[in-house]
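Raw start.txt, compact mmCIF, C-alpha atoms:
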# COMPACT_ATOMS: atom_id res chain seq x y z
CA MET D 296 0.00 0.00 0.00
CA ARG D 297 2.84 2.33 0.90
CA ASN D 298 4.45 1.80 -2.54
CA ILE D 299 1.14 2.45 -4.29
CA LYS D 300 0.69 5.72 -2.37
CA LYS D 301 4.26 6.75 -3.23
CA THR D 302 3.71 6.04 -6.92
CA LEU D 303 0.48 8.06 -6.95
CA THR D 304 2.15 10.92 -5.12
CA LEU D 305 5.01 11.04 -7.67
CA ALA D 306 2.56 10.86 -10.58
CA VAL D 307 0.51 13.76 -9.21
CA ALA D 308 3.67 15.81 -8.60
CA ALA D 309 4.93 15.18 -12.11
CA SER D 310 1.55 16.14 -13.52
CA THR D 311 1.54 19.34 -11.49
CA LEU D 312 5.04 20.25 -12.71
CA ALA D 313 4.03 19.60 -16.30
CA VAL D 314 1.09 21.97 -15.97
CA ALA D 315 3.03 24.62 -14.07
CA ALA D 316 6.14 24.64 -16.28
CA PRO D 317 5.99 27.22 -19.10
CA ALA D 318 5.96 25.86 -22.64
CA ILE D 319 9.34 26.05 -24.33
CA ALA D 320 9.00 28.42 -27.27
CA GLN D 321 9.67 26.80 -30.60
CA GLU D 322 12.14 28.43 -32.98
CA VAL D 323 12.52 28.57 -36.72
CA LYS D 324 16.14 29.08 -37.76
CA ILE D 325 17.44 31.13 -40.66
CA GLY D 326 21.14 30.73 -41.31
CA PHE D 327 23.17 33.88 -41.88
CA LEU D 328 26.03 32.81 -44.16
CA ALA D 329 27.78 36.13 -43.70
CA ASP D 330 31.21 37.35 -44.84
CA VAL D 331 31.95 39.21 -41.61
CA THR D 332 35.70 38.76 -42.04
CA GLY D 333 37.73 39.12 -45.21
CA PRO D 334 37.70 41.79 -47.90
CA ILE D 335 34.13 43.04 -47.41
CA ALA D 336 34.29 43.11 -43.60
CA GLY D 337 33.84 46.87 -43.76
CA PHE D 338 30.17 46.75 -44.69
CA ALA D 339 29.12 43.20 -43.80
CA PRO D 340 28.12 44.14 -40.21
CA GLY D 341 25.49 46.55 -41.54
CA MET D 342 24.05 43.77 -43.65
CA VAL D 343 23.85 41.41 -40.68
CA GLU D 344 22.19 44.17 -38.64
CA ALA D 345 19.61 44.73 -41.37
CA GLY D 346 18.82 41.01 -41.53
CA ASN D 347 18.41 40.84 -37.77
CA LEU D 348 16.23 43.95 -37.84
CA ALA D 349 13.83 42.10 -40.15
CA ILE D 350 13.74 39.23 -37.66
CA THR D 351 13.02 41.64 -34.80
CA ASN D 352 10.15 43.23 -36.75
CA ILE D 353 8.68 39.80 -37.46
CA ASN D 354 8.92 38.52 -33.90
CA GLU D 355 7.43 41.72 -32.49
CA GLN D 356 4.38 41.09 -34.67
CA GLY D 357 3.72 37.51 -33.64
CA GLY D 358 6.55 35.53 -35.19
CA VAL D 359 6.18 32.91 -37.91
CA LEU D 360 3.65 30.13 -38.33
CA ASP D 361 1.80 29.59 -35.02
CA GLY D 362 3.72 32.10 -32.95
CA GLN D 363 7.17 30.58 -33.29
CA ASP D 364 10.18 32.86 -32.92
CA LEU D 365 12.38 33.43 -35.94
CA VAL D 366 16.06 33.29 -34.99
CA SER D 367 19.30 33.86 -36.89
CA VAL D 368 22.31 31.57 -36.72
CA LEU D 369 25.53 33.20 -37.92
CA ALA D 370 28.34 31.42 -39.75
CA ASP D 371 31.30 33.37 -41.14
CA SER D 372 32.00 32.55 -44.78
CA ALA D 373 34.86 35.10 -44.88
CA CYS D 374 34.32 35.95 -48.58
CA ASP D 375 36.21 32.74 -49.31
CA GLY D 376 35.05 29.49 -50.89
CA GLY D 377 37.26 27.42 -48.62
CA ALA D 378 35.65 28.91 -45.52
CA ALA D 379 32.14 29.02 -46.94
CA GLY D 380 31.87 25.26 -47.43
CA PRO D 381 32.32 24.29 -43.75
CA ALA D 382 30.27 27.30 -42.61
CA ALA D 383 27.34 26.28 -44.79
CA ASP D 384 27.69 22.67 -43.68
CA ARG D 385 27.29 23.73 -40.05
CA LEU D 386 24.17 25.73 -40.86
CA VAL D 387 22.55 23.04 -42.99
CA ASN D 388 23.52 19.85 -41.19
CA SER D 389 24.27 20.80 -37.58
CA GLU D 390 22.01 23.78 -36.96
CA GLN D 391 19.30 22.43 -39.27
CA VAL D 392 18.29 25.86 -40.55
CA THR D 393 15.18 26.16 -42.69
CA ALA D 394 16.73 28.64 -45.14
CA ILE D 395 19.89 30.71 -45.63
CA PHE D 396 20.40 34.45 -45.95
CA GLY D 397 23.69 34.85 -47.85
CA ALA D 398 26.39 34.52 -48.64
CA TYR D 399 27.51 37.98 -49.66
CA CYS D 400 30.55 37.36 -51.87
CA SER D 401 29.83 35.38 -55.02
CA GLY D 402 32.48 32.73 -54.47
CA ALA D 403 31.21 32.09 -50.95
CA THR D 404 27.64 31.77 -52.20
CA ILE D 405 28.65 29.30 -54.91
CA ALA D 406 30.75 27.22 -52.52
CA GLY D 407 28.08 27.18 -49.81
CA ALA D 408 25.39 26.25 -52.32
CA ASN D 409 27.33 23.43 -53.96
CA SER D 410 28.71 21.93 -50.76
CA SER D 411 25.65 21.95 -48.54
CA ALA D 412 22.62 24.04 -49.43
CA ILE D 413 21.72 22.32 -52.69
CA PRO D 414 22.33 18.78 -51.38
CA GLY D 415 20.38 19.72 -48.24
CA ASN D 416 17.43 21.21 -50.18
CA VAL D 417 17.92 24.61 -48.50
CA VAL D 418 16.85 27.84 -50.19
CA MET D 419 19.43 30.64 -50.22
CA ILE D 420 18.98 34.34 -50.98
CA SER D 421 22.10 36.40 -51.47
CA PRO D 422 21.77 40.18 -51.08
CA ALA D 423 25.13 40.94 -52.68
CA SER D 424 26.51 38.10 -54.88
CA THR D 425 26.61 39.70 -58.30
CA ALA D 426 28.79 37.35 -60.38
CA PRO D 427 27.12 35.88 -63.49
CA ALA D 428 28.34 32.43 -62.39
CA VAL D 429 25.72 32.39 -59.61
CA ALA D 430 22.98 32.20 -62.25
CA GLU D 431 24.72 29.23 -63.87
CA LEU D 432 24.47 26.96 -60.82
CA GLU D 433 22.62 23.66 -61.19
CA ASP D 434 20.65 24.57 -58.10
CA ASN D 435 17.24 22.87 -58.35
CA ASP D 436 15.68 26.34 -58.02
CA LEU D 437 17.20 26.85 -54.57
CA VAL D 438 19.61 29.78 -55.06
CA TYR D 439 18.24 33.30 -55.44
CA ARG D 440 19.62 36.81 -55.22
CA ASN D 441 17.84 40.13 -54.90
CA VAL D 442 20.78 42.20 -56.09
CA VAL D 443 21.35 43.35 -59.65
CA PRO D 444 23.86 40.94 -61.31
CA ASP D 445 27.13 42.04 -62.87
CA SER D 446 25.85 41.05 -66.28
CA ILE D 447 23.92 44.33 -65.99
CA GLN D 448 26.44 46.41 -64.01
CA GLY D 449 29.35 45.62 -66.35
CA VAL D 450 27.36 46.48 -69.45
CA GLU D 451 26.09 49.75 -68.00
CA ALA D 452 29.57 50.77 -66.84
CA ALA D 453 30.93 50.15 -70.32
CA ASN D 454 28.15 52.22 -71.88
CA LEU D 455 28.79 55.04 -69.41
CA LEU D 456 32.50 55.32 -70.25
CA LEU D 457 31.85 55.17 -73.97
CA ASP D 458 29.19 57.89 -73.68
CA GLN D 459 31.74 60.05 -71.85
CA GLY D 460 34.25 59.63 -74.66
CA ILE D 461 36.52 57.17 -72.85
CA THR D 462 37.44 54.59 -75.48
CA GLU D 463 40.63 53.06 -74.06
CA VAL D 464 41.09 51.61 -70.57
CA GLY D 465 43.35 49.37 -68.56
CA MET D 466 41.66 47.01 -66.17
CA THR D 467 42.46 44.92 -63.11
CA TYR D 468 40.12 42.53 -61.35
CA VAL D 469 40.26 40.40 -58.23
CA ASN D 470 40.83 36.82 -59.28
CA ASN D 471 37.54 35.33 -58.08
CA ASP D 472 33.99 34.83 -59.38
CA TYR D 473 32.99 38.40 -58.61
CA GLY D 474 35.98 40.09 -60.20
CA SER D 475 36.25 37.91 -63.29
CA GLY D 476 32.51 37.99 -63.91
CA LEU D 477 32.24 41.76 -63.70
CA ALA D 478 35.39 42.31 -65.74
CA GLY D 479 34.18 39.91 -68.40
CA ALA D 480 30.80 41.61 -68.73
CA PHE D 481 32.47 45.02 -68.93
CA GLU D 482 35.08 44.01 -71.51
CA GLU D 483 32.56 42.31 -73.78
CA ALA D 484 30.26 45.34 -73.82
CA PHE D 485 33.10 47.87 -74.03
CA THR D 486 34.72 46.24 -77.05
CA ALA D 487 31.35 45.67 -78.72
CA GLY D 488 30.74 49.40 -78.40
CA GLY D 489 34.02 50.29 -80.08
CA GLY D 490 36.26 50.59 -77.04
CA THR D 491 39.61 48.91 -76.40
CA VAL D 492 40.82 47.25 -73.23
CA LEU D 493 44.57 47.82 -73.53
CA ALA D 494 45.45 45.58 -70.59
CA ASN D 495 43.39 43.22 -68.44
CA VAL D 496 45.30 41.98 -65.38
CA ALA D 497 44.02 39.75 -62.60
CA HIS D 498 45.19 40.42 -59.04
CA GLU D 499 45.16 38.42 -55.82
CA ASP D 500 44.05 39.89 -52.51
CA GLY D 501 46.45 40.00 -49.58
CA LYS D 502 49.59 41.27 -51.28
CA ALA D 503 51.62 44.23 -50.03
CA ASP D 504 53.03 45.24 -53.41
CA TYR D 505 50.95 45.61 -56.59
CA ARG D 506 53.52 47.58 -58.55
CA PRO D 507 54.06 44.76 -61.07
CA GLU D 508 50.35 44.72 -61.96
CA ILE D 509 50.21 48.50 -62.09
CA GLY D 510 53.35 48.66 -64.23
CA GLN D 511 51.96 46.11 -66.68
CA ILE D 512 48.80 48.15 -67.17
CA GLU D 513 50.69 51.46 -67.37
CA ALA D 514 53.00 50.01 -70.02
CA SER D 515 49.99 49.40 -72.26
CA GLY D 516 49.50 53.14 -72.57
CA ALA D 517 46.28 53.23 -70.61
CA THR D 518 45.48 56.47 -68.77
CA THR D 519 42.16 55.23 -67.34
CA LEU D 520 42.25 52.39 -64.82
CA VAL D 521 39.14 50.29 -64.14
CA ILE D 522 39.40 48.45 -60.81
CA TYR D 523 37.05 45.56 -60.13
CA GLY D 524 38.10 44.51 -56.65
CA TYR D 525 37.45 45.29 -52.99
CA GLU D 526 38.17 48.64 -51.38
CA ASN D 527 39.74 47.22 -48.21
CA ALA D 528 41.72 44.51 -50.00
CA GLY D 529 43.66 44.32 -53.25
CA GLY D 530 41.51 46.81 -55.12
CA GLY D 531 42.06 49.51 -52.53
CA ALA D 532 45.79 48.80 -52.33
CA ILE D 533 46.11 49.06 -56.11
CA LEU D 534 44.26 52.37 -56.04
CA ASN D 535 46.56 53.70 -53.32
CA GLN D 536 49.76 52.63 -55.06
CA ALA D 537 48.61 53.87 -58.46
CA ILE D 538 47.79 57.28 -56.98
CA GLU D 539 51.14 57.41 -55.23
CA ALA D 540 52.94 56.62 -58.48
CA GLY D 541 50.84 59.07 -60.51
CA SER D 542 50.26 56.34 -63.06
CA PHE D 543 46.75 57.19 -64.32
CA ASP D 544 44.55 60.20 -64.98
CA GLN D 545 41.18 58.55 -64.34
CA PHE D 546 39.94 55.79 -62.03
CA VAL D 547 36.76 53.72 -62.30
CA GLY D 548 35.41 51.23 -59.75
CA GLY D 549 32.50 48.86 -59.27
CA ASP D 550 30.35 48.20 -56.24
CA GLY D 551 33.16 46.42 -54.41
CA MET D 552 35.03 49.74 -54.30
CA ALA D 553 32.01 51.89 -53.53
CA GLY D 554 31.78 51.73 -49.74
CA GLU D 555 31.94 54.79 -47.52
CA ALA D 556 35.48 53.85 -46.52
CA LEU D 557 36.73 54.68 -50.02
CA VAL D 558 36.76 58.39 -49.21
CA ALA D 559 37.07 58.09 -45.44
CA ASN D 560 40.35 56.16 -45.63
CA ARG D 561 42.09 58.34 -48.22
CA ASP D 562 42.92 61.87 -49.20
CA ALA D 563 39.68 62.62 -51.01
CA GLY D 564 41.42 65.17 -53.20
CA SER D 565 43.48 62.41 -54.82
CA LEU D 566 40.27 60.66 -55.87
CA GLU D 567 38.71 63.66 -57.57
CA GLY D 568 36.74 62.59 -60.64
CA MET D 569 36.74 58.86 -59.83
CA ILE D 570 33.69 57.10 -61.28
CA LEU D 571 31.85 54.37 -59.35
CA THR D 572 28.93 52.16 -60.37
CA GLN D 573 26.44 50.45 -58.09
CA ALA D 574 22.86 49.21 -58.14
CA ALA D 575 20.46 52.12 -58.00
CA PRO D 576 19.14 52.97 -54.53
CA ALA D 577 15.45 52.43 -53.97
CA GLU D 578 12.91 55.15 -53.54
CA GLY D 579 9.18 55.48 -52.99
CA PRO D 580 6.79 54.13 -50.33
CA ALA D 581 8.66 50.86 -49.71
CA PHE D 582 11.97 52.59 -49.08
CA ASP D 583 10.29 55.25 -46.97
CA ALA D 584 8.74 52.54 -44.80
CA PHE D 585 12.12 50.88 -44.44
CA ALA D 586 13.87 54.15 -43.63
CA ALA D 587 11.42 54.77 -40.79
CA ILE D 588 12.12 51.30 -39.37
CA THR D 589 15.90 51.61 -39.57
CA GLU D 590 16.04 55.13 -38.21
CA ALA D 591 13.92 54.08 -35.22
CA ALA D 592 16.45 51.29 -34.62
CA GLY D 593 19.43 53.62 -34.98
CA GLN D 594 20.57 52.07 -38.25
CA ASP D 595 21.51 53.68 -41.57
CA PRO D 596 19.00 52.86 -44.33
CA THR D 597 21.46 53.88 -47.06
CA GLY D 598 24.34 51.58 -46.11
CA THR D 599 25.84 49.26 -48.72
CA TYR D 600 23.46 46.34 -49.39
CA VAL D 601 21.40 47.17 -46.31
CA THR D 602 18.10 47.28 -48.19
CA THR D 603 18.72 44.02 -50.03
CA SER D 604 19.70 42.36 -46.75
CA TYR D 605 16.50 43.34 -44.98
CA ASP D 606 14.44 42.28 -47.98
CA ALA D 607 16.16 38.89 -48.27
CA VAL D 608 15.36 37.91 -44.68
CA PHE D 609 11.82 39.29 -44.81
CA LEU D 610 11.19 37.34 -48.02
CA LEU D 611 12.46 34.10 -46.50
CA ALA D 612 10.11 34.59 -43.55
CA LEU D 613 7.19 35.30 -45.88
CA ALA D 614 7.99 32.13 -47.82
CA ILE D 615 8.02 30.07 -44.61
CA GLU D 616 4.67 31.56 -43.59
CA LYS D 617 3.23 30.91 -47.06
CA ALA D 618 4.49 27.32 -47.07
CA GLY D 619 2.87 26.83 -43.67
CA THR D 620 5.80 24.86 -42.31
CA ALA D 621 9.41 25.19 -41.28
CA ASP D 622 10.25 22.13 -43.35
CA ARG D 623 12.55 22.88 -46.27
CA ASP D 624 10.27 21.42 -48.94
CA GLY D 625 8.10 23.99 -50.61
CA ILE D 626 10.03 27.10 -49.56
CA ALA D 627 11.25 27.85 -53.09
CA ALA D 628 7.77 27.67 -54.63
CA ALA D 629 6.38 29.81 -51.82
CA LEU D 630 9.18 32.36 -52.28
CA ARG D 631 8.14 33.13 -55.83
CA GLU D 632 4.50 33.41 -54.73
CA VAL D 633 5.21 36.07 -52.10
CA ALA D 634 7.78 37.99 -54.17
CA ASN D 635 6.29 38.08 -57.64
CA ALA D 636 3.15 39.84 -58.80
CA PRO D 637 0.19 39.66 -58.70
CA GLY D 638 -0.91 40.14 -55.13
CA GLU D 639 -1.73 42.71 -52.49
CA THR D 640 1.30 44.87 -51.78
CA ILE D 641 3.28 44.23 -48.60
CA LEU D 642 5.81 46.86 -47.57
CA PRO D 643 8.84 46.39 -45.31
CA GLY D 644 7.74 45.82 -41.73
CA GLU D 645 4.14 44.88 -42.60
CA TRP D 646 4.38 41.41 -41.12
CA GLU D 647 1.08 41.26 -39.28
CA LYS D 648 -0.76 42.37 -42.41
CA ALA D 649 1.05 39.74 -44.48
CA LYS D 650 0.19 36.97 -42.00
CA GLU D 651 -3.50 37.87 -42.06
CA LEU D 652 -3.62 37.91 -45.87
CA ILE D 653 -1.76 34.62 -46.17
CA ALA D 654 -4.09 33.02 -43.61
CA ALA D 655 -7.07 34.25 -45.62
CA GLY D 656 -5.66 32.74 -48.82
CA THR D 657 -5.01 36.14 -50.41
CA ASP D 658 -2.04 36.51 -52.76
CA ILE D 659 0.63 38.96 -51.62
CA ASP D 660 3.40 40.79 -53.46
CA TYR D 661 6.31 42.03 -51.36
CA GLU D 662 7.57 45.42 -52.53
CA GLY D 663 11.14 45.61 -51.31
CA ALA D 664 13.10 48.37 -49.65
CA SER D 665 15.63 47.73 -52.43
CA GLY D 666 13.01 48.06 -55.18
CA THR D 667 10.60 45.81 -57.02
CA ILE D 668 11.53 42.15 -56.59
CA GLU D 669 10.43 39.81 -59.37
CA PHE D 670 12.47 36.61 -59.49
CA ASP D 671 13.07 35.31 -63.02
CA ASP D 672 13.63 31.71 -64.07
CA VAL D 673 17.14 31.56 -62.60
CA GLY D 674 16.28 33.42 -59.39
CA ASP D 675 17.65 36.80 -60.46
CA VAL D 676 16.05 40.24 -60.38
CA ALA D 677 16.22 43.04 -62.91
CA GLY D 678 17.36 46.47 -61.88
CA ALA D 679 19.02 49.73 -62.78
CA ILE D 680 22.58 50.95 -62.21
CA ASN D 681 23.53 54.36 -60.83
CA TYR D 682 26.87 56.03 -61.19
CA TYR D 683 28.70 58.25 -58.75
CA VAL D 684 31.55 60.72 -59.14
CA ILE D 685 33.88 61.90 -56.38
CA GLU D 686 33.64 65.68 -56.39
CA GLY D 687 35.05 68.02 -53.78
CA GLY D 688 35.84 65.15 -51.45
CA GLU D 689 32.34 63.69 -51.55
CA VAL D 690 30.70 60.82 -53.42
CA VAL D 691 28.04 62.50 -55.56
CA ASN D 692 25.14 60.45 -56.96
CA LYS D 693 24.75 61.26 -60.66
CA GLY D 694 21.65 59.12 -61.15
CA LEU D 695 20.83 56.28 -63.48
CA ILE D 696 23.26 55.50 -66.28
CA GLY D 697 21.79 56.50 -69.62
CA GLN D 698 19.34 59.03 -68.23

This entry written out as structure tokens:
Amino acid sequence: MRNIKKTLTLAVAASTLAVAAPAIAQEVKIGFLADVTGPIAGFAPGMVEAGNLAITNINEQGGVLDGQDLVSVLADSACDGGAAGPAADRLVNSEQVTAIFGAYCSGATIAGANSSAIPGNVVMISPASTAPAVAELEDNDLVYRNVVPDSIQGVEAANLLLDQGITEVGMTYVNNDYGSGLAGAFEEAFTAGGGTVLANVAHEDGKADYRPEIGQIEASGATTLVIYGYENAGGGAILNQAIEAGSFDQFVGGDGMAGEALVANRDAGSLEGMILTQAAPAEGPAFDAFAAITEAAGQDPTGTYVTTSYDAVFLLALAIEKAGTADRDGIAAALREVANAPGETILPGEWEKAKELIAAGTDIDYEGASGTIEFDDVGDVAGAINYYVIEGGEVVNKGLIGQ
């Protein structure tokens, strides 16, 4: 009898504890395959902050699915394919993330996709990988990017120089998917338009001395130097050493050179007249809504790839909500449904509204802080390219190329 009473007492106590203990909140994980070290470390933190701001907005409005918290899991891909593979493996196979935001550098995105995301059936959205090679992945419709690809940026840059009467250039590019892809798109369009690339020299990041590369380009007779590299790596070092040597009259850079540090870290007077190209900044109601959110959070809405970063994470969350599950199957199909028209417009931050519409079976169309997002057959978006000129020590936005 004593044993029976003891058993009943323990059972009642266990039942009481089960009722009294708070339910453990479930979480849905999004992997942040982020290049927080390496050549783009200067602006990667702002991108991570923007992605986490989207998560905060979502959780403050009820979270995903049936009230589950959305959480980020960070893995550093270091803008390097060798580092991106293991980082993606941890996210996909150890952390069991539902989807991935990133990577940022093209080579890291390709390596992470091939090594783990594609085999693991995990959707990725990159906010910054612009190399044409990303679109060539055999990805089973899993790899997307909401940034304008270099196939557009390179062509527009070539047209801009030709329109300004620059018909001969020397060029150097970082020897990776980003640099070679952008340089290739530029050279093809520039020569097709009647221009001549007098020298085209690859460079490796991490060197102290780039005088051999600079000398090779200078020997070709080029007075305009196009640099497709990274401002705080080889591209920036080449710019510094070329200025010091007085080797060229005109400099041109792509988006990898276009961060705020370009002017902040140098004598701005030595950069006077430098031309930079970058995806056009967004404007209109969606950007205004985003700017209000970021300013309230103490963040800069105009930082490099900040808008695309917020949009990428918000889109992944919308796709999870649309799919109705945190399982990986179905996220890609749901992503196109929430991003592409038709549907009722959802602006940045409008999570509660989106949840209600999805629950009611109403189609939605997310209008991004970075602009209209319509994924094509390979997961790319269209877009326009702006150009900037350094004037009086400041980076001056000259507007869309060709307008």

Among the residues D:Ser542, D:Phe327, D:Leu493, D:Val366, the one that comes closest to Thr351 of chain D [using only C-alpha atoms]:
D:Val366

Which residue of D:Val323, D:Ile696, D:Leu613, D:Val469 approaches Gly678 of chain D most closely, using all atoms listed in the file:
D:Ile696

Just how far from atom CA of Gly341 of chain D is atom CA of Asp384 of chain D, in Å to one decimal?
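Separation between atom CA of Asp384 of chain D and atom CA of Gly341 of chain D: 24.1 Å.
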
Distance of atom CA of Asp472 of chain D from atom CA of Lys324 of chain D, expressed in Å to one decimal place:
28.6 Å

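The nearest approach to Gly625 of chain D among the residues D:Asp364, D:Ala394, D:Val442, D:Ile588, with all atoms listed in the file taken into account, belongs to D:Ala394.
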
Find, counting all atoms listed in the file, the residue in D:Asn441, D:Ser410, D:Thr467, D:Thr462 that gets nearest to Gly376 of chain D.
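Nearest to Gly376 of chain D: D:Ser410.
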
Contact residues around segment 454-457 of chain D with only C-alpha atoms at 9 Å, ignoring same-chain residues under 4 positions, as a compact mmCIF listing (two decimals) with C-alpha atoms, in the frame of the given file:
# COMPACT_ATOMS: atom_id res chain seq x y z
CA GLY D 449 29.35 45.62 -66.35
CA VAL D 450 27.36 46.48 -69.45
CA ILE D 461 36.52 57.17 -72.85
CA THR D 462 37.44 54.59 -75.48
CA PHE D 481 32.47 45.02 -68.93
CA ALA D 484 30.26 45.34 -73.82
CA PHE D 485 33.10 47.87 -74.03
CA GLY D 488 30.74 49.40 -78.40
CA GLY D 489 34.02 50.29 -80.08
CA GLY D 490 36.26 50.59 -77.04
CA TYR D 682 26.87 56.03 -61.19
CA ILE D 696 23.26 55.50 -66.28
CA GLY D 697 21.79 56.50 -69.62

I'd like to know which of D:Gly326, D:Pro340, D:Pro576, D:Gly666 is closest to Ser421 of chain D, using all atoms listed in the file.
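Between D:Gly326, D:Pro340, D:Pro576, D:Gly666, the residue approaching Ser421 of chain D most closely is D:Gly326.
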
From D:Ala528, D:Ala503, D:Val464, D:Ala584, residue lying nearest Phe546 of chain D [all atoms listed in the file]:
D:Val464

Would you mind reading off the distance between atom CA of Gly397 of chain D and atom CA of Arg440 of chain D, one decimal, in Å?
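Going from atom CA of Gly397 of chain D over to atom CA of Arg440 of chain D, I get 8.6 Å.
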
If you count all atoms listed in the file, which residues fall within 12 Å of Ala677 of chain D, apart from same-chain ones fewer than 5 positions away, as an MDAnalysis selection string?
chainID D and resid 425 440:448 574:575 665:672

Take every atom of segment 657-666 of chain D listed in the file, fit an axis-aligned box around them, add 3 Å per side, and give the centre and edge lengths in Å to one decimal as lines of an AutoDock Vina configuration file.
center_x = 5.3
center_y = 42.3
center_z = -52.4
size_x = 26.6
size_y = 18.2
size_z = 11.5

Could I get the residues of segment 301-401 of chain D with an atom no further than 10 Å from an atom of segment 634-644 of chain D, each paired with its nearest atom pair and that distance in Å to one decimal, using all atoms listed in the file, sorted by chain and residue number, as CSV?
residue,atom,partner,partner_atom,distance
D:Leu348,CA,D:Gly644,CA,9.5
D:Ala349,CA,D:Gly644,CA,7.3
D:Ile350,CA,D:Gly644,CA,9.8
D:Thr351,CA,D:Gly644,CA,9.7
D:Asn352,CA,D:Gly644,CA,6.1
D:Ile353,CA,D:Gly644,CA,7.4
D:Gln356,CA,D:Gly644,CA,9.1
